[in-house]
$ cat coords-v3.tsv   # TSV, C-alpha atoms
chain	number	residue	atom	x	y	z
A	1	MET	CA	211.68	220.86	56.82
A	2	THR	CA	212.31	224.53	57.68
A	3	GLY	CA	211.94	227.97	56.20
A	4	ALA	CA	208.91	230.00	55.18
A	5	PRO	CA	207.96	229.43	51.53
A	6	ALA	CA	207.25	232.42	49.30
A	7	ASP	CA	204.38	230.56	47.61
A	8	PRO	CA	201.17	231.53	49.50
A	9	LEU	CA	199.59	228.11	48.88
A	10	LEU	CA	202.64	226.28	50.20
A	11	ALA	CA	202.63	228.56	53.23
A	12	ALA	CA	198.95	227.75	53.80
A	13	LEU	CA	199.69	224.04	53.51
A	14	LEU	CA	202.36	224.24	56.19
A	15	VAL	CA	200.05	226.18	58.48
A	16	ALA	CA	197.44	223.45	57.99
A	17	LEU	CA	200.01	220.76	58.76
A	18	GLU	CA	200.92	222.55	61.99
A	19	GLY	CA	197.47	221.51	63.20
A	20	VAL	CA	198.30	217.81	62.75
A	21	ARG	CA	199.77	216.28	65.90
A	22	ASP	CA	201.53	213.10	66.80
A	23	PRO	CA	198.75	211.59	68.94
A	24	GLU	CA	201.09	210.17	71.57
A	25	LEU	CA	203.45	213.15	71.88
A	26	ASP	CA	200.81	215.88	71.43
A	27	GLU	CA	203.17	217.92	69.26
A	28	PRO	CA	202.69	219.12	65.66
A	29	ILE	CA	204.26	216.90	63.04
A	30	THR	CA	205.95	220.00	61.62
A	31	ALA	CA	207.59	220.85	64.96
A	32	LEU	CA	208.73	217.24	65.34
A	33	GLY	CA	210.34	217.22	61.90
A	34	PHE	CA	208.05	214.49	60.52
A	35	VAL	CA	207.26	216.48	57.35
A	36	SER	CA	210.10	215.78	54.94
A	37	SER	CA	208.60	217.65	51.97
A	38	CYS	CA	205.54	219.62	50.95
A	39	THR	CA	204.95	220.53	47.31
A	40	ARG	CA	202.12	221.53	45.05
A	41	SER	CA	201.62	221.33	41.31
A	42	PRO	CA	200.46	224.26	39.17
A	43	ASP	CA	196.99	222.71	38.94
A	44	GLY	CA	196.55	222.46	42.72
A	45	VAL	CA	197.66	218.93	43.60
A	46	ALA	CA	199.35	219.03	47.02
A	47	GLU	CA	201.80	216.29	47.98
A	48	VAL	CA	203.22	215.83	51.45
A	49	HIS	CA	205.82	213.25	52.46
A	50	LEU	CA	206.01	212.12	56.07
A	51	ARG	CA	208.72	210.14	57.82
A	52	LEU	CA	208.77	208.75	61.36
A	53	PRO	CA	211.52	207.99	63.88
A	54	THR	CA	211.54	204.21	63.26
A	55	TYR	CA	210.51	201.73	60.60
A	56	PHE	CA	208.24	199.99	63.11
A	57	CYS	CA	206.34	202.95	64.58
A	58	ALA	CA	202.90	201.74	65.65
A	59	PRO	CA	200.68	201.58	62.53
A	60	ASN	CA	197.66	202.99	64.36
A	61	PHE	CA	199.63	206.10	65.39
A	62	ALA	CA	201.03	206.44	61.89
A	63	PHE	CA	197.59	206.05	60.33
A	64	LEU	CA	196.15	208.83	62.49
A	65	MET	CA	198.89	211.25	61.41
A	66	VAL	CA	198.60	210.40	57.70
A	67	ALA	CA	194.79	210.61	57.79
A	68	ASP	CA	194.83	213.88	59.73
A	69	ALA	CA	197.41	215.32	57.33
A	70	TYR	CA	195.19	214.36	54.40
A	71	ASP	CA	192.17	216.08	55.96
A	72	ALA	CA	194.17	219.21	56.80
A	73	VAL	CA	195.75	219.54	53.37
A	74	ALA	CA	192.58	218.74	51.44
A	75	ALA	CA	190.72	221.52	53.31
A	76	VAL	CA	193.14	224.27	52.20
A	77	ASP	CA	191.67	226.70	49.67
A	78	GLY	CA	193.28	226.18	46.28
A	79	VAL	CA	194.00	222.49	46.78
A	80	ARG	CA	192.30	220.39	44.10
A	81	ALA	CA	193.62	217.06	45.34
A	82	ALA	CA	195.79	215.88	48.23
A	83	ARG	CA	198.34	213.11	48.32
A	84	ILE	CA	200.01	212.13	51.59
A	85	VAL	CA	202.92	209.71	51.38
A	86	LEU	CA	204.29	207.94	54.45
A	87	GLU	CA	207.86	206.86	53.72
A	88	ASP	CA	210.14	204.15	55.12
A	89	HIS	CA	207.50	202.43	57.27
A	90	PHE	CA	206.64	198.74	57.27
A	91	ALA	CA	202.91	199.47	56.81
A	92	ALA	CA	203.31	202.43	54.45
A	93	ASP	CA	201.64	200.78	51.47
A	94	ALA	CA	198.51	199.84	53.42
A	95	ILE	CA	198.31	203.20	55.19
A	96	ASN	CA	198.91	205.32	52.08
A	97	ALA	CA	196.39	203.35	50.03
A	98	GLY	CA	193.81	203.30	52.80
A	99	VAL	CA	194.00	207.02	53.47
A	100	ALA	CA	193.82	207.82	49.74
A	101	ALA	CA	190.73	205.63	49.44
A	102	ARG	CA	189.22	207.07	52.66
A	103	ALA	CA	188.84	203.48	53.85
A	104	GLY	CA	189.41	204.10	57.55
A	105	PHE	CA	191.81	202.15	59.73
A	106	ALA	CA	189.78	198.94	59.78
A	107	GLY	CA	189.29	199.04	56.02
A	108	SER	CA	192.98	199.70	55.45
A	109	PHE	CA	193.94	196.68	57.54
A	110	ALA	CA	191.08	194.33	56.68
A	111	GLY	CA	191.16	191.24	58.83
A	112	GLU	CA	193.85	192.72	61.10
A	113	ALA	CA	192.20	195.74	62.76
A	114	ALA	CA	189.32	195.33	65.19
A	115	GLY	CA	187.87	198.79	64.64
A	116	GLU	CA	188.50	202.49	64.21
A	117	LEU	CA	190.77	204.65	66.34
A	118	ASP	CA	188.39	207.08	68.05
A	119	GLU	CA	189.00	205.72	71.56
A	120	LEU	CA	192.75	205.66	71.00
A	121	ARG	CA	192.64	209.33	70.01
A	122	ALA	CA	190.48	210.17	73.03
A	123	GLY	CA	192.88	208.36	75.35
A	124	PHE	CA	195.81	210.40	74.12
A	125	LEU	CA	193.77	213.59	74.45
A	126	ARG	CA	193.05	212.73	78.08
A	127	LYS	CA	196.79	212.43	78.66
A	128	ALA	CA	197.34	215.74	76.86
A	129	VAL	CA	194.84	217.42	79.18
A	130	LEU	CA	196.65	216.06	82.24
A	131	ALA	CA	200.04	217.13	80.91
A	132	GLY	CA	198.69	220.55	79.97
A	133	THR	CA	197.20	220.97	83.43
A	134	ASP	CA	200.62	220.38	84.96
A	135	GLN	CA	202.17	222.97	82.64
A	136	VAL	CA	199.60	225.54	83.76
A	137	CYS	CA	199.73	224.63	87.45
A	138	ARG	CA	203.50	224.48	87.98
A	139	PRO	CA	203.98	228.28	87.95
A	140	LEU	CA	201.02	228.68	90.31
A	141	LEU	CA	202.45	226.14	92.75
A	142	GLY	CA	205.86	227.80	92.44
A	143	ALA	CA	204.24	231.10	93.41
A	144	GLY	CA	202.97	229.58	96.65
A	145	ARG	CA	199.51	228.30	95.78
A	146	ASP	CA	198.71	224.94	97.38
A	147	PRO	CA	196.88	222.05	95.62
A	148	ALA	CA	193.62	222.63	97.49
A	149	ASP	CA	193.71	226.28	96.40
A	150	LEU	CA	194.15	225.23	92.77
A	151	ALA	CA	191.12	222.96	93.07
A	152	ARG	CA	189.02	226.05	93.79
A	153	LEU	CA	190.30	228.01	90.80
A	154	ARG	CA	188.50	228.45	87.50
A	155	LEU	CA	190.23	228.78	84.15
A	156	GLY	CA	189.33	232.47	84.14
A	157	ASP	CA	191.32	232.93	87.37
A	158	VAL	CA	194.57	231.80	85.71
A	159	PRO	CA	196.83	234.41	84.06
A	160	PRO	CA	196.81	234.10	80.24
A	161	SER	CA	199.65	232.09	78.72
A	162	PRO	CA	200.38	229.87	75.71
A	163	GLU	CA	200.10	226.87	78.05
A	164	LEU	CA	196.63	227.93	79.16
A	165	ARG	CA	195.47	228.47	75.56
A	166	ARG	CA	196.77	225.02	74.64
A	167	LEU	CA	195.01	223.44	77.63
A	168	ARG	CA	191.72	225.07	76.68
A	169	ARG	CA	192.04	223.69	73.14
A	170	ARG	CA	192.76	220.16	74.32
A	171	ARG	CA	189.84	220.22	76.74
A	172	ALA	CA	187.50	221.51	74.03
A	173	GLU	CA	188.67	218.76	71.66
A	174	LEU	CA	187.84	216.20	74.34
A	175	GLY	CA	184.42	217.73	74.95
A	176	LEU	CA	185.36	219.10	78.38
A	177	ALA	CA	184.45	222.52	79.72
A	178	ALA	CA	187.02	225.08	78.58
A	179	GLY	CA	185.40	228.42	79.37
A	180	ASP	CA	186.36	230.89	82.09
A	181	ASP	CA	183.91	229.33	84.58
A	182	ALA	CA	185.28	225.80	84.12
A	183	PRO	CA	187.34	224.35	86.99
A	184	LEU	CA	191.10	224.42	86.50
A	185	LEU	CA	191.42	220.86	87.79
A	186	ILE	CA	189.09	218.52	85.93
A	187	GLU	CA	188.94	214.76	85.47
A	188	PRO	CA	189.70	214.09	81.76
A	189	GLY	CA	187.69	210.87	81.84
A	190	GLY	CA	184.59	212.15	83.56
A	191	GLY	CA	184.59	215.90	83.26
A	192	GLY	CA	183.95	216.65	86.92
A	193	GLY	CA	186.01	219.01	89.01
A	194	VAL	CA	188.63	217.64	91.40
A	195	PRO	CA	187.91	218.01	95.16
A	196	GLY	CA	190.54	219.78	97.23
A	197	GLY	CA	191.44	216.61	99.11
A	198	ALA	CA	192.14	214.75	95.87
A	199	ALA	CA	194.15	217.59	94.32
A	200	PRO	CA	197.65	216.48	95.46
A	201	LEU	CA	197.28	213.02	93.93
A	202	TYR	CA	195.72	214.49	90.78
A	203	LEU	CA	198.61	216.94	90.36
A	204	ARG	CA	201.20	214.20	90.86
A	205	LYS	CA	199.50	212.18	88.14
A	206	ALA	CA	199.45	215.25	85.87
A	207	ARG	CA	203.15	215.84	86.45
A	208	THR	CA	204.05	212.20	85.77
A	209	THR	CA	202.04	212.30	82.55
A	210	ARG	CA	203.80	215.45	81.37
A	211	VAL	CA	207.25	214.09	82.20
A	212	ASN	CA	206.53	210.84	80.32
A	213	ILE	CA	205.28	212.68	77.23
A	214	GLU	CA	208.26	215.03	77.20
A	215	ALA	CA	210.69	212.13	77.65
A	216	ASN	CA	209.10	210.23	74.76
A	217	THR	CA	209.24	213.37	72.65
A	218	GLY	CA	212.95	213.74	73.27
A	219	ILE	CA	213.57	210.09	72.43
A	220	CYS	CA	211.60	210.36	69.18
A	221	ARG	CA	213.43	213.53	68.13
A	222	GLY	CA	216.75	211.83	68.76
A	223	MET	CA	215.79	208.69	66.84
A	224	LEU	CA	214.56	210.76	63.89
A	225	ARG	CA	217.83	212.71	63.73
A	226	HIS	CA	219.77	209.46	63.97
A	227	ARG	CA	217.70	207.89	61.19
A	228	TYR	CA	217.77	210.89	58.86
A	229	ALA	CA	220.89	213.03	58.83
A	230	ASP	CA	218.96	216.03	57.46
A	231	ALA	CA	216.25	215.94	60.13
A	232	GLY	CA	216.38	219.15	62.13
A	233	LEU	CA	214.34	220.29	65.07
A	234	GLY	CA	211.33	221.09	62.92
A	235	GLN	CA	209.26	224.24	62.71
A	236	THR	CA	207.80	226.31	65.52
A	237	SER	CA	204.26	225.36	66.45
A	238	VAL	CA	201.52	227.96	65.95
A	239	GLU	CA	200.36	227.17	69.51
A	240	ASP	CA	203.73	228.22	70.90
A	241	ARG	CA	203.93	231.56	69.15

$ encode --input "coords-v3.tsv" --output "structure tokens"
Amino acid sequence: MTGAPADPLLAALLVALEGVRDPELDEPITALGFVSSCTRSPDGVAEVHLRLPTYFCAPNFAFLMVADAYDAVAAVDGVRAARIVLEDHFAADAINAGVAARAGFAGSFAGEAAGELDELRAGFLRKAVLAGTDQVCRPLLGAGRDPADLARLRLGDVPPSPELRRLRRRRAELGLAAGDDAPLLIEPGGGGGVPGGAAPLYLRKARTTRVNIEANTGICRGMLRHRYADAGLGQTSVEDR
């Protein structure tokens, strides 16, 4: 779905949807092309249709995106009611009904789900922090800084960039320090800074995490375009502007 709508409410809905990310890929569902349509009725009912790269995408990932889309759309001023429709997915009926009823993941898959998805979301955020750290550190390493030097840096020492802004957001979402005095290299699971001696291994892990996420993103984009002939590259993310 591309193009900027003239309707201010539709434009606001798309901005809200830009804040909804695929939890595994850490990219907005709009940028990935997962939003197939977004409409609103004259009386303020917003309806969003989502589609994923495969019929068997993991239901927990799908549920997070549908639930997050519902929350984002329902919070837009002027929206009286929100309806999010996941299409062409084996668990679409259960997910759509569960999100509409605000039943949670376990309630939507009664007898099949062991619990809610908070830890799953946190795990993906930890990976996003590692990947984001690599994005911020690569230019510094390319400019001649060594890993031990990076371990001494604070976020406020790093030149401003979209990558740094994104890293700060992900760290804040995970409850990690994201201010200027926070260490650049930080353990996503524990929150402590990384000693200089451990920095090379930490940075290799961060790079591997980024490469894996980017590879999976490319695969998902390709599968979506193969599945739906009209699926383009999606919209530009607000974070990347």

$ closest_atom_pairs --input "coords-v3.tsv" --of "region 2-106 of chain A" --to "region 197-214 of chain A" --cutoff "9 Å" --atoms "all atoms listed in the file" --output "Markdown table"
| residue | atom | partner | partner_atom | distance |
| --- | --- | --- | --- | --- |
| A:Glu24 | CA | A:Ile213 | CA | 7.5 |
| A:Leu25 | CA | A:Ile213 | CA | 5.7 |
| A:Asp26 | CA | A:Ile213 | CA | 8.0 |

$ residues_around --input "coords-v3.tsv" --residues "region 63-76 of chain A" --least-positions-apart "6" --cutoff "9 Å" --atoms "only C-alpha atoms" --output "ChimeraX atom specification"
/A:9,12-14,16-17,19-23,29,46-48,50,82-86,92,95-96,98-100,102,104-105,117,121

$ closest_atom_pairs --input "coords-v3.tsv" --of "region 129-172 of chain A" --to "region 122-125 of chain A" --cutoff "12 Å" --atoms "all atoms listed in the file" --output "Markdown table"
| residue | atom | partner | partner_atom | distance |
| --- | --- | --- | --- | --- |
| A:Val129 | CA | A:Leu125 | CA | 6.2 |
| A:Leu130 | CA | A:Leu125 | CA | 8.7 |
| A:Ala131 | CA | A:Leu125 | CA | 9.7 |
| A:Gly132 | CA | A:Leu125 | CA | 10.2 |
| A:Arg166 | CA | A:Leu125 | CA | 11.8 |
| A:Leu167 | CA | A:Leu125 | CA | 10.4 |
| A:Arg168 | CA | A:Leu125 | CA | 11.9 |
| A:Arg169 | CA | A:Leu125 | CA | 10.3 |
| A:Arg170 | CA | A:Leu125 | CA | 6.6 |
| A:Arg171 | CA | A:Leu125 | CA | 8.0 |
| A:Ala172 | CA | A:Leu125 | CA | 10.1 |

$ closest_residue --input "coords-v3.tsv" --among "A:Val136, A:Val35, A:Ala215, A:Phe61" --to "Glu87 (chain A)" --atoms "only C-alpha atoms"
A:Val35

$ atom_distance --input "coords-v3.tsv" --atom1 "CA of Pro188 (chain A)" --atom2 "CA of Leu176 (chain A)"
7.4 Å

$ axis_aligned_box --input "coords-v3.tsv" --around "region 49-55 of chain A" --padding-each-side "6 Å" --output "JSON"
{"center_x": 208.7, "center_y": 207.5, "center_z": 58.2, "size_x": 17.7, "size_y": 23.5, "size_z": 23.4}

$ atom_distance --input "coords-v3.tsv" --atom1 "CA of Ala148 (chain A)" --atom2 "CA of Ala128 (chain A)"
22.1 Å
